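Read the structure below first, then the notes.
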Amino acid sequence: SQQGEEDPQALSIQEGENATMNCSYKTSINNLQWYRQNSGRGLVHLILIRSNEREKHSGRLRVTLDTSKKSSSLLITASRAADTASYFCATDRGAQKLVFGQGTRLTINP
Amino acid sequence: NAGVTQTPKFQVLKTGQSMTLQCAQDMNHEYMSWYRQDPGMGLRLIHYSVGAGITDQGEVPNGYNVSRSTTEDFPLRLLSAAPSQTSVYFCASSYAGNEQYFGPGTRLTVT
């Protein structure tokens, strides 16, 4: 069963706008990770946030984690056409056993 | 560094055939994992290993075997292929508690 549920399933925005994706999970975690997957390719790690952290930044990416609500969000600012991809959250409950959500398909329109 | 490599990239099998998907990493990571991704879905964990000689089952292990004789290699064996195993298979490696590095995937079709 999938631990993470992502919302929305698909998101289409104009280039330059911000994109926000949400992830909810069910059990306690060690950390939560966000990955990007371009069509037909492998996954690329974006950000890892540990259970004792509330916010992390990396370039145009901002991730928040609310362990009381068992939820996380990924914000991409000033989107670009190259950001078009599927984005997945994955929870690590230990021993590197990642449980993935079904992903958000993001389309950036020029 | 080559990172995580997988072979083959594509494979077509007939029902009942067996085969091995190869995975290797050159980053000296102790953790390695196999996932499958079905259309429109996230990844699901098949088997994982926390070090040479140690393997364990993930969420969907039935029909698959693994072994870990070296730190570098983590092959996945399909014992008797079934159409339900048609999927894209990803191998990943990592250090404990850190992000995983994924291979490019093997696209498997079972007819």
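FYI, nothing fancy with the structure tokens labels: chains A, B, ... in order, residues from 1 per chain, ligands from 1 as they appear.
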Proximity check chain B to chain A, 6 Å, nearest pairs one decimal Å, only C-alpha atoms, as a Markdown table:
| residue | atom | partner | partner_atom | distance |
| --- | --- | --- | --- | --- |
| B:Met41 | CA | A:Gln102 | CA | 4.8 |
| B:Gly42 | CA | A:Gln102 | CA | 4.2 |
| B:Leu43 | CA | A:Phe100 | CA | 5.7 |
| B:Phe102 | CA | A:Leu43 | CA | 5.9 |
| B:Pro104 | CA | A:Gly42 | CA | 4.6 |
Quiz prompt | All residues 12 Å or closer to Tyr89 (chain B), only C-alpha atoms, same chain fewer than 2 positions away omitted, as a PyMOL selection string | solution = (chain A and resi 40-43) or (chain B and resi 6-11+20-23+33-39+42-47+64+75-78+85-87+91-92+102-109)
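Here CA of Arg80 (chain A) is placed at a distance of 27.6 Å from CA of Asn98 (chain B).
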Quiz prompt | Who sits within 8 Å of Gln17 (chain B), only C-alpha atoms, same chain under 2 positions skipped, as a PyMOL selection string | solution = chain B and resi 13-15+19+79-81
Self-check item: d(CA of Glu15 (chain A), CA of Leu75 (chain A)) in Å
Solution: 14.2 Å
Practice problem: In Å, rounded to a single decimal, give me how far CA of Val50 (chain B) is from CA of Met32 (chain B). | Solution: 6.7 Å
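Remark: for Asp7 (chain A), the closest of the candidate residues A:Lys56, A:Ser72, A:Thr67, A:Ser28 is A:Ser72 (distances computed over only C-alpha atoms).
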Quiz prompt | Close residues, Ala19 (chain A) itself excluded, 8 Å, only C-alpha atoms, min 6 positions apart in chain, as an MDAnalysis selection string | solution = chainID A and resid 11 13 75:77 79
May I have the selected residues written with all heavy atoms, as a CSV table (one decimal), in the first residue's frame?
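The resulting part-v7.csv:
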chain,number,residue,atom,x,y,z
A,11,LEU,N,-0.9,19.2,-12.2
A,11,LEU,CA,-0.9,20.7,-12.1
A,11,LEU,C,-0.3,21.3,-13.3
A,11,LEU,O,0.8,20.9,-13.8
A,11,LEU,CB,0.0,21.0,-10.8
A,11,LEU,CG,0.2,22.5,-10.5
A,11,LEU,CD1,-1.2,23.1,-10.1
A,11,LEU,CD2,1.1,22.6,-9.3
A,13,ILE,N,0.7,25.1,-14.9
A,13,ILE,CA,0.8,26.5,-14.6
A,13,ILE,C,1.6,27.2,-15.7
A,13,ILE,O,2.2,26.5,-16.6
A,13,ILE,CB,1.5,26.7,-13.3
A,13,ILE,CG1,2.9,26.1,-13.3
A,13,ILE,CG2,0.6,26.2,-12.1
A,13,ILE,CD1,3.7,26.4,-12.0
A,75,LEU,N,7.4,23.5,-2.7
A,75,LEU,CA,7.1,24.7,-3.4
A,75,LEU,C,8.3,25.0,-4.4
A,75,LEU,O,9.4,24.9,-4.0
A,75,LEU,CB,7.0,25.9,-2.5
A,75,LEU,CG,7.0,27.3,-3.1
A,75,LEU,CD1,5.8,27.5,-4.0
A,75,LEU,CD2,7.2,28.4,-2.1
A,76,ILE,N,7.9,25.1,-5.7
A,76,ILE,CA,8.9,25.5,-6.7
A,76,ILE,C,8.6,26.9,-7.1
A,76,ILE,O,7.5,27.2,-7.6
A,76,ILE,CB,8.8,24.6,-7.9
A,76,ILE,CG1,9.0,23.1,-7.5
A,76,ILE,CG2,9.8,25.0,-9.0
A,76,ILE,CD1,8.8,22.1,-8.7
A,77,THR,N,9.5,27.8,-6.9
A,77,THR,CA,9.3,29.2,-7.2
A,77,THR,C,9.8,29.6,-8.6
A,77,THR,O,10.7,28.9,-9.2
A,77,THR,CB,10.0,30.2,-6.2
A,77,THR,OG1,11.4,29.9,-6.2
A,77,THR,CG2,9.4,29.9,-4.8
A,79,SER,N,8.8,29.1,-11.8
A,79,SER,CA,8.9,27.9,-12.6
A,79,SER,C,9.4,28.1,-14.0
A,79,SER,O,9.3,29.2,-14.6
A,79,SER,CB,7.5,27.2,-12.6
A,79,SER,OG,6.6,28.0,-13.3
Self-check item: Residue contacts of Ala82 (chain A) (10 Å, only C-alpha atoms) excluding same-chain residues fewer than 6 positions away, as a PyMOL selection string
Solution: chain A and resi 15+38+107-108
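Residues in contact range of Thr55 (chain B), defined as at most 9 Å between only C-alpha atoms, with sequence neighbours fewer than 4 positions away removed, read His47, Tyr48, Ser49, Val50, Gly51, Val66, Ser67 and Arg68 of chain B.
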Kindly export the residues of the current selection with N, CA and C atoms, as a PDB file, in the first residue's frame.
ATOM      1  N   HIS B  47      12.610  -5.678  -2.912  1.00  0.00           N
ATOM      2  CA  HIS B  47      13.565  -6.209  -1.947  1.00  0.00           C
ATOM      3  C   HIS B  47      14.601  -5.133  -1.652  1.00  0.00           C
ATOM      4  N   TYR B  48      15.253  -5.258  -0.515  1.00  0.00           N
ATOM      5  CA  TYR B  48      16.323  -4.336  -0.197  1.00  0.00           C
ATOM      6  C   TYR B  48      17.420  -5.060   0.568  1.00  0.00           C
ATOM      7  N   SER B  49      18.578  -4.381   0.648  1.00  0.00           N
ATOM      8  CA  SER B  49      19.732  -4.953   1.329  1.00  0.00           C
ATOM      9  C   SER B  49      20.437  -3.865   2.131  1.00  0.00           C
ATOM     10  N   VAL B  50      20.797  -4.193   3.376  1.00  0.00           N
ATOM     11  CA  VAL B  50      21.488  -3.217   4.224  1.00  0.00           C
ATOM     12  C   VAL B  50      22.992  -3.458   4.243  1.00  0.00           C
ATOM     13  N   GLY B  51      23.449  -4.428   3.458  1.00  0.00           N
ATOM     14  CA  GLY B  51      24.878  -4.697   3.369  1.00  0.00           C
ATOM     15  C   GLY B  51      25.101  -6.050   2.730  1.00  0.00           C
ATOM     16  N   VAL B  66      16.537 -12.047  -4.585  1.00  0.00           N
ATOM     17  CA  VAL B  66      17.743 -11.217  -4.644  1.00  0.00           C
ATOM     18  C   VAL B  66      18.849 -11.876  -3.847  1.00  0.00           C
ATOM     19  N   SER B  67      20.063 -11.435  -4.104  1.00  0.00           N
ATOM     20  CA  SER B  67      21.224 -11.818  -3.312  1.00  0.00           C
ATOM     21  C   SER B  67      22.182 -10.646  -3.298  1.00  0.00           C
ATOM     22  N   ARG B  68      23.054 -10.587  -2.319  1.00  0.00           N
ATOM     23  CA  ARG B  68      24.028  -9.489  -2.212  1.00  0.00           C
ATOM     24  C   ARG B  68      25.356 -10.091  -1.737  1.00  0.00           C
TER      25      ARG B  68
END
Practice problem: Run DSSP on the backbone and grab whatever in region 5-34 of chain B lands in strand (DSSP E); send it over as a ChimeraX atom specification. | Solution: /B:5-7,10-13,19-25,31-34
Restricting it to all heavy atoms, dump the selection as a short mmCIF file (atom, residue, chain, number, x, y, z; two decimals), in the first residue's frame.
data_model
loop_
_atom_site.label_atom_id
_atom_site.label_comp_id
_atom_site.auth_asym_id
_atom_site.auth_seq_id
_atom_site.Cartn_x
_atom_site.Cartn_y
_atom_site.Cartn_z
N THR B 5 24.24 1.67 -12.16
CA THR B 5 24.01 1.20 -13.53
C THR B 5 23.10 -0.01 -13.50
O THR B 5 23.15 -0.83 -12.57
CB THR B 5 25.33 0.85 -14.23
OG1 THR B 5 26.00 -0.16 -13.46
CG2 THR B 5 26.22 2.07 -14.35
N GLN B 6 22.27 -0.12 -14.53
CA GLN B 6 21.34 -1.24 -14.66
C GLN B 6 21.42 -1.80 -16.07
O GLN B 6 21.51 -1.04 -17.04
CB GLN B 6 19.90 -0.78 -14.41
CG GLN B 6 19.59 -0.39 -12.99
CD GLN B 6 18.13 -0.04 -12.80
OE1 GLN B 6 17.78 1.07 -12.39
NE2 GLN B 6 17.24 -0.98 -13.08
N THR B 7 21.37 -3.12 -16.18
CA THR B 7 21.27 -3.78 -17.47
C THR B 7 20.30 -4.94 -17.38
O THR B 7 20.18 -5.57 -16.32
CB THR B 7 22.65 -4.32 -17.94
OG1 THR B 7 23.16 -5.20 -16.93
CG2 THR B 7 23.61 -3.18 -18.20
N PHE B 10 16.04 -2.68 -21.82
CA PHE B 10 14.75 -3.21 -22.25
C PHE B 10 14.84 -4.73 -22.29
O PHE B 10 15.90 -5.28 -22.59
CB PHE B 10 14.38 -2.70 -23.65
CG PHE B 10 14.29 -1.22 -23.77
CD1 PHE B 10 15.38 -0.47 -24.17
CD2 PHE B 10 13.11 -0.56 -23.46
CE1 PHE B 10 15.30 0.91 -24.28
CE2 PHE B 10 13.02 0.82 -23.57
CZ PHE B 10 14.12 1.55 -23.97
N GLN B 11 13.71 -5.40 -22.01
CA GLN B 11 13.67 -6.86 -22.08
C GLN B 11 12.25 -7.30 -22.33
O GLN B 11 11.32 -6.78 -21.70
CB GLN B 11 14.20 -7.47 -20.78
CG GLN B 11 14.25 -8.99 -20.79
CD GLN B 11 15.34 -9.52 -21.67
OE1 GLN B 11 16.49 -9.09 -21.62
NE2 GLN B 11 14.98 -10.47 -22.54
N VAL B 12 12.09 -8.28 -23.24
CA VAL B 12 10.79 -8.90 -23.46
C VAL B 12 10.94 -10.38 -23.11
O VAL B 12 11.86 -11.05 -23.59
CB VAL B 12 10.33 -8.74 -24.93
CG1 VAL B 12 9.00 -9.45 -25.11
CG2 VAL B 12 10.20 -7.26 -25.29
N LEU B 13 10.05 -10.87 -22.27
CA LEU B 13 10.06 -12.27 -21.86
C LEU B 13 8.74 -12.92 -22.19
O LEU B 13 7.70 -12.24 -22.26
CB LEU B 13 10.27 -12.39 -20.35
CG LEU B 13 11.62 -12.03 -19.75
CD1 LEU B 13 11.57 -12.18 -18.23
CD2 LEU B 13 12.73 -12.89 -20.32
N MET B 19 14.80 -14.68 -15.68
CA MET B 19 15.91 -13.81 -16.06
C MET B 19 16.41 -13.06 -14.84
O MET B 19 15.75 -13.04 -13.79
CB MET B 19 15.49 -12.80 -17.14
CG MET B 19 14.71 -11.62 -16.64
SD MET B 19 14.76 -10.21 -17.77
CE MET B 19 16.49 -9.76 -17.74
N THR B 20 17.58 -12.45 -15.00
CA THR B 20 18.19 -11.65 -13.93
C THR B 20 18.40 -10.23 -14.42
O THR B 20 18.98 -10.01 -15.48
CB THR B 20 19.53 -12.25 -13.49
OG1 THR B 20 19.31 -13.57 -12.99
CG2 THR B 20 20.16 -11.40 -12.41
N LEU B 21 17.91 -9.28 -13.64
CA LEU B 21 18.19 -7.87 -13.88
C LEU B 21 19.42 -7.49 -13.06
O LEU B 21 19.48 -7.77 -11.85
CB LEU B 21 17.01 -7.00 -13.46
CG LEU B 21 15.82 -6.85 -14.41
CD1 LEU B 21 15.15 -8.18 -14.64
CD2 LEU B 21 14.82 -5.84 -13.86
N GLN B 22 20.38 -6.86 -13.72
CA GLN B 22 21.63 -6.53 -13.05
C GLN B 22 21.61 -5.10 -12.54
O GLN B 22 21.04 -4.21 -13.16
CB GLN B 22 22.81 -6.70 -14.01
CG GLN B 22 22.97 -8.10 -14.58
CD GLN B 22 23.37 -9.12 -13.54
OE1 GLN B 22 23.81 -8.80 -12.44
NE2 GLN B 22 23.20 -10.40 -13.86
N CYS B 23 22.24 -4.89 -11.38
CA CYS B 23 22.39 -3.56 -10.79
C CYS B 23 23.76 -3.49 -10.14
O CYS B 23 24.15 -4.42 -9.41
CB CYS B 23 21.31 -3.29 -9.76
SG CYS B 23 21.54 -1.74 -8.85
N ALA B 24 24.48 -2.41 -10.39
CA ALA B 24 25.78 -2.20 -9.78
C ALA B 24 25.94 -0.74 -9.40
O ALA B 24 25.41 0.15 -10.08
CB ALA B 24 26.89 -2.62 -10.74
N GLN B 25 26.67 -0.50 -8.31
CA GLN B 25 26.97 0.88 -7.90
C GLN B 25 28.43 0.96 -7.48
O GLN B 25 28.98 0.00 -6.93
CB GLN B 25 26.02 1.34 -6.77
CG GLN B 25 25.97 0.43 -5.56
CD GLN B 25 26.89 0.81 -4.43
OE1 GLN B 25 27.56 1.84 -4.44
NE2 GLN B 25 26.92 -0.04 -3.40
N TYR B 31 23.46 0.46 1.48
CA TYR B 31 22.07 0.13 1.21
C TYR B 31 21.82 0.06 -0.29
O TYR B 31 22.26 0.93 -1.05
CB TYR B 31 21.14 1.19 1.80
CG TYR B 31 20.99 1.10 3.30
CD1 TYR B 31 21.95 1.67 4.14
CD2 TYR B 31 19.90 0.48 3.88
CE1 TYR B 31 21.82 1.59 5.52
CE2 TYR B 31 19.75 0.41 5.24
CZ TYR B 31 20.71 0.96 6.06
OH TYR B 31 20.58 0.89 7.42
N MET B 32 21.08 -0.99 -0.72
CA MET B 32 20.62 -1.09 -2.10
C MET B 32 19.20 -1.62 -2.10
O MET B 32 18.80 -2.39 -1.20
CB MET B 32 21.53 -2.01 -2.92
CG MET B 32 22.95 -1.46 -3.08
SD MET B 32 23.99 -2.40 -4.21
CE MET B 32 23.31 -1.90 -5.81
N SER B 33 18.43 -1.17 -3.11
CA SER B 33 17.00 -1.51 -3.15
C SER B 33 16.56 -1.75 -4.59
O SER B 33 17.16 -1.19 -5.51
CB SER B 33 16.16 -0.36 -2.57
OG SER B 33 16.55 -0.03 -1.26
N TRP B 34 15.51 -2.53 -4.73
CA TRP B 34 14.84 -2.70 -6.01
C TRP B 34 13.40 -2.24 -5.88
O TRP B 34 12.70 -2.60 -4.91
CB TRP B 34 14.84 -4.16 -6.46
CG TRP B 34 16.07 -4.58 -7.18
CD1 TRP B 34 17.11 -5.32 -6.69
CD2 TRP B 34 16.40 -4.30 -8.54
NE1 TRP B 34 18.05 -5.52 -7.66
CE2 TRP B 34 17.64 -4.90 -8.81
CE3 TRP B 34 15.74 -3.61 -9.57
CZ2 TRP B 34 18.25 -4.83 -10.05
CZ3 TRP B 34 16.36 -3.53 -10.80
CH2 TRP B 34 17.60 -4.13 -11.05
#
